[in-house]
file target26.cif (mmCIF, C-alpha atoms)
data_my_file
loop_
_atom_site.label_atom_id
_atom_site.label_comp_id
_atom_site.auth_asym_id
_atom_site.auth_seq_id
_atom_site.Cartn_x
_atom_site.Cartn_y
_atom_site.Cartn_z
CA MET C 1 121.31 81.40 80.82
CA SER C 2 124.44 83.56 80.91
CA THR C 3 127.51 81.58 81.96
CA ALA C 4 128.42 84.52 84.21
CA LEU C 5 125.35 83.75 86.32
CA ALA C 6 125.80 79.96 86.37
CA PRO C 7 127.23 79.95 89.95
CA LEU C 8 123.81 81.10 91.16
CA ASN C 9 122.68 77.50 90.63
CA THR C 10 124.96 76.47 93.52
CA PRO C 11 122.84 75.47 96.55
CA GLU C 12 124.92 77.67 98.87
CA LEU C 13 126.97 80.83 98.53
CA TYR C 14 128.95 82.72 101.14
CA VAL C 15 129.17 86.53 101.19
CA ARG C 16 132.22 87.94 102.96
CA GLN C 17 132.82 91.64 103.47
CA LYS C 18 136.33 92.74 102.52
CA ARG C 19 138.14 95.40 104.51
CA GLU C 20 140.78 97.87 103.39
CA LEU C 21 143.73 99.18 105.38
CA ALA C 22 142.21 102.66 105.78
CA GLU C 23 139.29 101.21 107.76
CA PHE C 24 141.65 100.15 110.55
CA PHE C 25 142.46 103.85 111.08
CA GLY C 26 138.85 105.00 111.22
CA PHE C 27 138.36 105.96 107.57
CA GLU C 28 135.21 104.42 106.12
CA THR C 29 135.77 103.11 102.59
CA ARG C 30 133.24 101.80 100.11
CA ASN C 31 131.72 98.43 100.93
CA LYS C 32 133.18 95.46 99.06
CA TYR C 33 132.28 91.78 99.18
CA ALA C 34 133.69 88.48 97.93
CA ILE C 35 131.08 85.82 97.14
CA SER C 36 132.22 82.22 97.13
CA THR C 37 131.02 78.62 97.00
CA PRO C 38 131.36 76.42 100.13
CA ASP C 39 134.79 75.24 98.87
CA ARG C 40 136.00 78.90 98.90
CA ASN C 41 135.95 79.31 95.13
CA GLU C 42 135.21 83.03 94.59
CA VAL C 43 132.55 83.32 91.88
CA PHE C 44 131.24 86.89 92.32
CA TYR C 45 132.42 90.18 93.72
CA ALA C 46 130.23 93.08 94.80
CA ALA C 47 131.20 96.68 95.42
CA GLU C 48 129.35 99.84 96.34
CA GLN C 49 129.65 102.39 93.55
CA ARG C 50 130.34 105.57 95.51
CA SER C 51 131.17 108.88 93.84
CA GLY C 52 134.09 110.49 95.69
CA LEU C 53 133.64 113.00 98.49
CA LEU C 54 129.88 113.37 98.03
CA GLY C 55 129.43 109.64 98.41
CA MET C 56 131.51 109.60 101.59
CA LEU C 57 129.54 112.50 103.06
CA ALA C 58 126.27 110.73 102.23
CA LEU C 59 127.51 107.65 104.10
CA TYR C 60 128.41 109.63 107.24
CA LEU C 61 125.39 111.94 107.23
CA LEU C 62 122.61 109.70 105.90
CA GLY C 63 123.79 106.18 106.71
CA HIS C 64 121.60 103.41 105.30
CA TRP C 65 119.00 105.97 104.09
CA ARG C 66 121.43 107.19 101.39
CA SER C 67 121.09 106.45 97.72
CA PHE C 68 123.68 103.91 96.55
CA ASP C 69 124.40 101.33 93.87
CA ILE C 70 125.96 97.89 94.34
CA ALA C 71 127.53 96.28 91.27
CA PHE C 72 127.97 92.50 91.17
CA PHE C 73 130.84 91.21 89.03
CA ASP C 74 131.60 87.69 87.86
CA ALA C 75 134.99 85.99 88.30
CA THR C 76 136.34 87.76 85.19
CA ARG C 77 135.36 91.17 86.69
CA GLN C 78 132.57 91.68 84.16
CA GLU C 79 129.39 93.19 85.60
CA ALA C 80 126.73 90.49 85.97
CA PHE C 81 123.95 92.55 87.59
CA ARG C 82 123.45 95.60 89.76
CA ALA C 83 121.26 96.83 92.60
CA HIS C 84 120.09 100.41 93.20
CA HIS C 85 118.87 101.78 96.52
CA PRO C 86 116.99 105.08 96.15
CA PHE C 87 117.07 107.63 98.97
CA ARG C 88 114.42 106.66 101.50
CA PHE C 89 113.69 107.62 105.11
CA PHE C 90 110.97 104.97 105.38
CA PHE C 91 110.13 101.68 103.68
CA GLN C 92 113.50 100.91 102.15
CA ARG C 93 113.71 99.57 98.60
CA LEU C 94 116.34 97.82 96.48
CA GLU C 95 115.91 97.60 92.70
CA VAL C 96 117.84 94.94 90.76
CA SER C 97 118.66 94.91 87.05
CA SER C 98 120.95 93.03 84.68
CA GLY C 99 122.23 94.33 81.35
CA GLY C 100 119.59 97.07 81.36
CA ARG C 101 116.79 94.56 82.04
CA VAL C 102 114.70 95.05 85.19
CA ILE C 103 114.86 91.93 87.37
CA GLY C 104 112.70 93.03 90.30
CA ALA C 105 112.94 94.67 93.70
CA LEU C 106 112.87 94.21 97.45
CA GLN C 107 110.30 96.46 99.10
CA GLN C 108 110.10 96.92 102.87
CA ARG C 109 106.64 96.58 104.40
CA PHE C 110 105.24 97.83 107.70
CA ALA C 111 105.60 95.28 110.48
CA PHE C 112 105.68 95.29 114.29
CA PHE C 113 108.91 93.90 115.84
CA THR C 114 109.95 92.07 112.65
CA LYS C 115 111.74 92.85 109.40
CA ARG C 116 109.54 92.20 106.39
CA PHE C 117 110.23 92.69 102.69
CA ASP C 118 108.23 91.74 99.62
CA VAL C 119 110.30 90.37 96.74
CA LEU C 120 108.81 91.73 93.52
CA ASP C 121 109.29 90.56 89.95
CA ALA C 122 109.84 92.89 86.98
CA ASN C 123 106.09 93.58 86.79
CA GLY C 124 105.75 94.46 90.48
CA ASN C 125 104.12 91.16 91.46
CA VAL C 126 105.02 89.67 94.85
CA VAL C 127 106.83 86.39 94.20
CA LEU C 128 108.52 85.84 97.58
CA GLU C 129 108.43 87.33 101.07
CA MET C 130 111.42 87.82 103.38
CA LYS C 131 110.61 87.83 107.10
CA SER C 132 112.97 87.98 110.07
CA GLY C 133 111.44 87.16 113.44
CA LEU C 134 112.02 88.99 116.71
CA LEU C 135 114.08 86.16 118.23
CA LYS C 136 116.13 85.39 115.10
CA LEU C 137 117.81 88.70 114.38
CA TRP C 138 120.56 87.15 112.25
CA THR C 139 118.32 84.93 110.12
CA PHE C 140 116.35 86.14 107.08
CA PRO C 141 114.21 83.40 105.51
CA PHE C 142 112.35 83.73 102.20
CA PHE C 143 108.91 82.22 101.72
CA ARG C 144 106.71 81.36 98.77
CA GLY C 145 103.36 81.10 100.51
CA GLU C 146 104.06 78.96 103.58
CA GLN C 147 107.10 77.21 102.08
CA GLN C 148 110.61 78.41 102.95
CA VAL C 149 112.60 78.50 99.72
CA ALA C 150 115.81 80.36 100.68
CA VAL C 151 117.54 81.84 103.70
CA ILE C 152 120.24 84.39 104.51
CA GLU C 153 122.13 83.77 107.76
CA LYS C 154 124.73 86.06 109.32
CA LYS C 155 127.62 83.96 110.60
CA TRP C 156 129.51 84.71 113.80
CA SER C 157 132.88 86.33 112.99
CA GLY C 158 134.42 86.34 116.46
CA ALA C 159 133.99 88.68 119.41
CA LEU C 160 136.57 91.29 118.45
CA THR C 161 135.41 91.40 114.83
CA GLU C 162 131.76 91.73 115.82
CA MET C 163 132.49 94.53 118.33
CA PHE C 164 134.94 96.68 116.43
CA THR C 165 134.63 96.15 112.67
CA ASP C 166 132.10 96.02 109.84
CA LYS C 167 133.52 92.71 108.59
CA ASP C 168 130.45 90.49 108.19
CA ASN C 169 129.93 87.04 106.74
CA PHE C 170 126.66 85.64 105.41
CA ARG C 171 125.49 82.24 104.21
CA VAL C 172 122.96 82.31 101.37
CA ALA C 173 121.12 79.01 100.87
CA PHE C 174 118.85 78.41 97.87
CA GLN C 175 116.68 75.69 99.38
CA ASP C 176 114.20 75.28 96.52
CA PRO C 177 115.80 74.15 93.22
CA SER C 178 112.85 75.65 91.31
CA LEU C 179 113.91 79.22 92.17
CA SER C 180 114.39 81.13 88.92
CA MET C 181 117.65 82.85 88.03
CA ASP C 182 115.98 86.23 88.57
CA GLN C 183 114.82 85.18 92.05
CA ARG C 184 118.32 83.94 92.90
CA MET C 185 119.78 87.30 91.87
CA LEU C 186 117.26 89.05 94.13
CA VAL C 187 118.12 86.80 97.09
CA LEU C 188 121.86 87.31 96.63
CA ALA C 189 121.40 91.09 96.32
CA ALA C 190 119.32 90.93 99.50
CA ALA C 191 122.29 89.48 101.41
CA VAL C 192 124.36 92.60 100.73
CA PHE C 193 121.31 94.79 101.36
CA VAL C 194 120.75 93.14 104.76
CA ASP C 195 124.34 93.90 105.72
CA LEU C 196 124.08 97.56 104.75
CA GLN C 197 120.68 98.00 106.38
CA TYR C 198 121.17 96.20 109.68
CA PHE C 199 124.84 95.52 110.37
CA GLU C 200 126.87 98.41 108.97
CA ARG C 201 128.18 100.43 111.94
CA LYS C 202 127.77 103.81 110.26
CA ALA C 203 124.25 102.91 109.18
CA GLN C 204 123.36 102.02 112.74
CA GLY C 205 125.01 105.05 114.28
#

call {"tool": "encode", "arguments": {"input": "target26.cif", "output": "structure tokens"}}
result
Amino acid sequence: MSTALAPLNTPELYVRQKRELAEFFGFETRNKYAISTPDRNEVFYAAEQRSGLLGMLALYLLGHWRSFDIAFFDATRQEAFRAHHPFRFFFQRLEVSSGGRVIGALQQRFAFFTKRFDVLDANGNVVLEMKSGLLKLWTFPFFRGEQQVAVIEKKWSGALTEMFTDKDNFRVAFQDPSLSMDQRMLVLAAAVFVDLQYFERKAQG
């Protein structure tokens, strides 16, 4: 196992969106995240890889349907893995790779009143399922069969933050120690994906 990915063996990680000064004046900048252990030790960073003016226009005009890439860096700022979201109007998808190797994907499925994604391995096999119920809009559990093996939870950031900013915080819990490193990468990538799909103000508007 790569030492860069070793922090993924931590039972819990926290994903915190980072804001830049320009955002306070109404200018949307690329999404950035710090990923830390419960003791606030930052072990990964993630950043949307946006290409200049065209990328900014895509954000404003297409929102969460746009094509984008999220790169995940280790504590030394070396790329550990990356996620690609192709342009989609329906059935959103996130494809994850590391060092040119396909890890797997999250594929949205049709569902009434719930959010449902299949977690696929490199061969397209369903290994996990992410389902968010109607009454738990901020909770995204992952299941292997009937067993819950991981969960993403959006944490309350305060009334003013929730109303006026995109600054979100998420807890990622790996509840089953048998989760593979590839599956842990997919779950962590899903935390950023969930933010961009369901909580980004421009995506919602």

call {"tool": "closest_residue", "arguments": {"input": "target26.cif", "among": "C:Thr3, C:Asp121, C:Ser178, C:Asn31", "to": "Val192 in chain C", "atoms": "only C-alpha atoms"}}
result
C:Asn31

call {"tool": "atom_distance", "arguments": {"input": "target26.cif", "atom1": "CA of Glu95 in chain C", "atom2": "CA of Phe112 in chain C"}}
result
24.0 Å

call {"tool": "resolve_selection", "arguments": {"input": "target26.cif", "expression": "the PyMOL selection byres ((chain C and resi 117) around 7)", "output": "PyMOL selection string"}}
result
chain C and resi 106-109+115-116+118-119+129-131

call {"tool": "resolve_selection", "arguments": {"input": "target26.cif", "expression": "the PyMOL selection byres ((chain C and resi 151-153) around 8)", "output": "compact mmCIF listing (two decimals) with C-alpha atoms, keeping the file's coordinate frame"}}
result
# COMPACT_ATOMS: atom_id res chain seq x y z
CA TRP C 138 120.56 87.15 112.25
CA THR C 139 118.32 84.93 110.12
CA PHE C 140 116.35 86.14 107.08
CA PRO C 141 114.21 83.40 105.51
CA PHE C 142 112.35 83.73 102.20
CA GLN C 148 110.61 78.41 102.95
CA VAL C 149 112.60 78.50 99.72
CA ALA C 150 115.81 80.36 100.68
CA LYS C 154 124.73 86.06 109.32
CA LYS C 155 127.62 83.96 110.60
CA PHE C 170 126.66 85.64 105.41
CA ARG C 171 125.49 82.24 104.21
CA VAL C 172 122.96 82.31 101.37
CA ALA C 173 121.12 79.01 100.87
CA PHE C 174 118.85 78.41 97.87
CA GLN C 175 116.68 75.69 99.38
CA ALA C 191 122.29 89.48 101.41

call {"tool": "closest_residue", "arguments": {"input": "target26.cif", "among": "C:Glu146, C:Phe199, C:Ala46, C:Leu128", "to": "Gln183 in chain C", "atoms": "all atoms listed in the file"}}
result
C:Leu128

call {"tool": "decode", "arguments": {"input": "target26.cif", "residues": "range 77-90 of chain C", "atoms": "N, CA and C atoms", "output": "PDB file, in the first residue's frame"}}
result
ATOM      1  N   ARG C  77       1.639  17.329  -0.788  1.00  0.00           N
ATOM      2  CA  ARG C  77       1.096  17.953  -2.001  1.00  0.00           C
ATOM      3  C   ARG C  77       1.382  17.131  -3.258  1.00  0.00           C
ATOM      4  N   GLN C  78       1.589  15.829  -3.087  1.00  0.00           N
ATOM      5  CA  GLN C  78       1.704  14.928  -4.228  1.00  0.00           C
ATOM      6  C   GLN C  78       0.326  14.332  -4.510  1.00  0.00           C
ATOM      7  N   GLU C  79      -0.050  14.243  -5.791  1.00  0.00           N
ATOM      8  CA  GLU C  79      -1.369  13.707  -6.110  1.00  0.00           C
ATOM      9  C   GLU C  79      -1.465  12.238  -5.717  1.00  0.00           C
ATOM     10  N   ALA C  80      -2.492  11.917  -4.934  1.00  0.00           N
ATOM     11  CA  ALA C  80      -2.709  10.546  -4.478  1.00  0.00           C
ATOM     12  C   ALA C  80      -3.729   9.828  -5.354  1.00  0.00           C
ATOM     13  N   PHE C  81      -4.813  10.504  -5.716  1.00  0.00           N
ATOM     14  CA  PHE C  81      -5.807   9.962  -6.646  1.00  0.00           C
ATOM     15  C   PHE C  81      -6.631  11.117  -7.172  1.00  0.00           C
ATOM     16  N   ARG C  82      -7.499  10.812  -8.125  1.00  0.00           N
ATOM     17  CA  ARG C  82      -8.289  11.860  -8.761  1.00  0.00           C
ATOM     18  C   ARG C  82      -9.655  11.314  -9.142  1.00  0.00           C
ATOM     19  N   ALA C  83     -10.627  12.234  -9.228  1.00  0.00           N
ATOM     20  CA  ALA C  83     -11.992  11.873  -9.598  1.00  0.00           C
ATOM     21  C   ALA C  83     -12.438  12.737 -10.771  1.00  0.00           C
ATOM     22  N   HIS C  84     -13.092  12.125 -11.736  1.00  0.00           N
ATOM     23  CA  HIS C  84     -13.583  12.830 -12.922  1.00  0.00           C
ATOM     24  C   HIS C  84     -15.088  12.704 -13.013  1.00  0.00           C
ATOM     25  N   HIS C  85     -15.755  13.845 -13.205  1.00  0.00           N
ATOM     26  CA  HIS C  85     -17.197  13.866 -13.401  1.00  0.00           C
ATOM     27  C   HIS C  85     -17.479  14.278 -14.845  1.00  0.00           C
ATOM     28  N   PRO C  86     -17.964  13.362 -15.671  1.00  0.00           N
ATOM     29  CA  PRO C  86     -18.302  13.729 -17.057  1.00  0.00           C
ATOM     30  C   PRO C  86     -19.580  14.554 -17.091  1.00  0.00           C
ATOM     31  N   PHE C  87     -19.759  15.326 -18.153  1.00  0.00           N
ATOM     32  CA  PHE C  87     -20.969  16.130 -18.311  1.00  0.00           C
ATOM     33  C   PHE C  87     -22.183  15.208 -18.370  1.00  0.00           C
ATOM     34  N   ARG C  88     -23.138  15.459 -17.501  1.00  0.00           N
ATOM     35  CA  ARG C  88     -24.362  14.650 -17.464  1.00  0.00           C
ATOM     36  C   ARG C  88     -25.539  15.521 -17.058  1.00  0.00           C
ATOM     37  N   PHE C  89     -26.671  15.409 -17.764  1.00  0.00           N
ATOM     38  CA  PHE C  89     -27.914  16.017 -17.313  1.00  0.00           C
ATOM     39  C   PHE C  89     -28.663  15.077 -16.367  1.00  0.00           C
ATOM     40  N   PHE C  90     -28.515  13.774 -16.597  1.00  0.00           N
ATOM     41  CA  PHE C  90     -29.207  12.783 -15.784  1.00  0.00           C
ATOM     42  C   PHE C  90     -28.214  11.710 -15.344  1.00  0.00           C
TER      43      PHE C  90
END
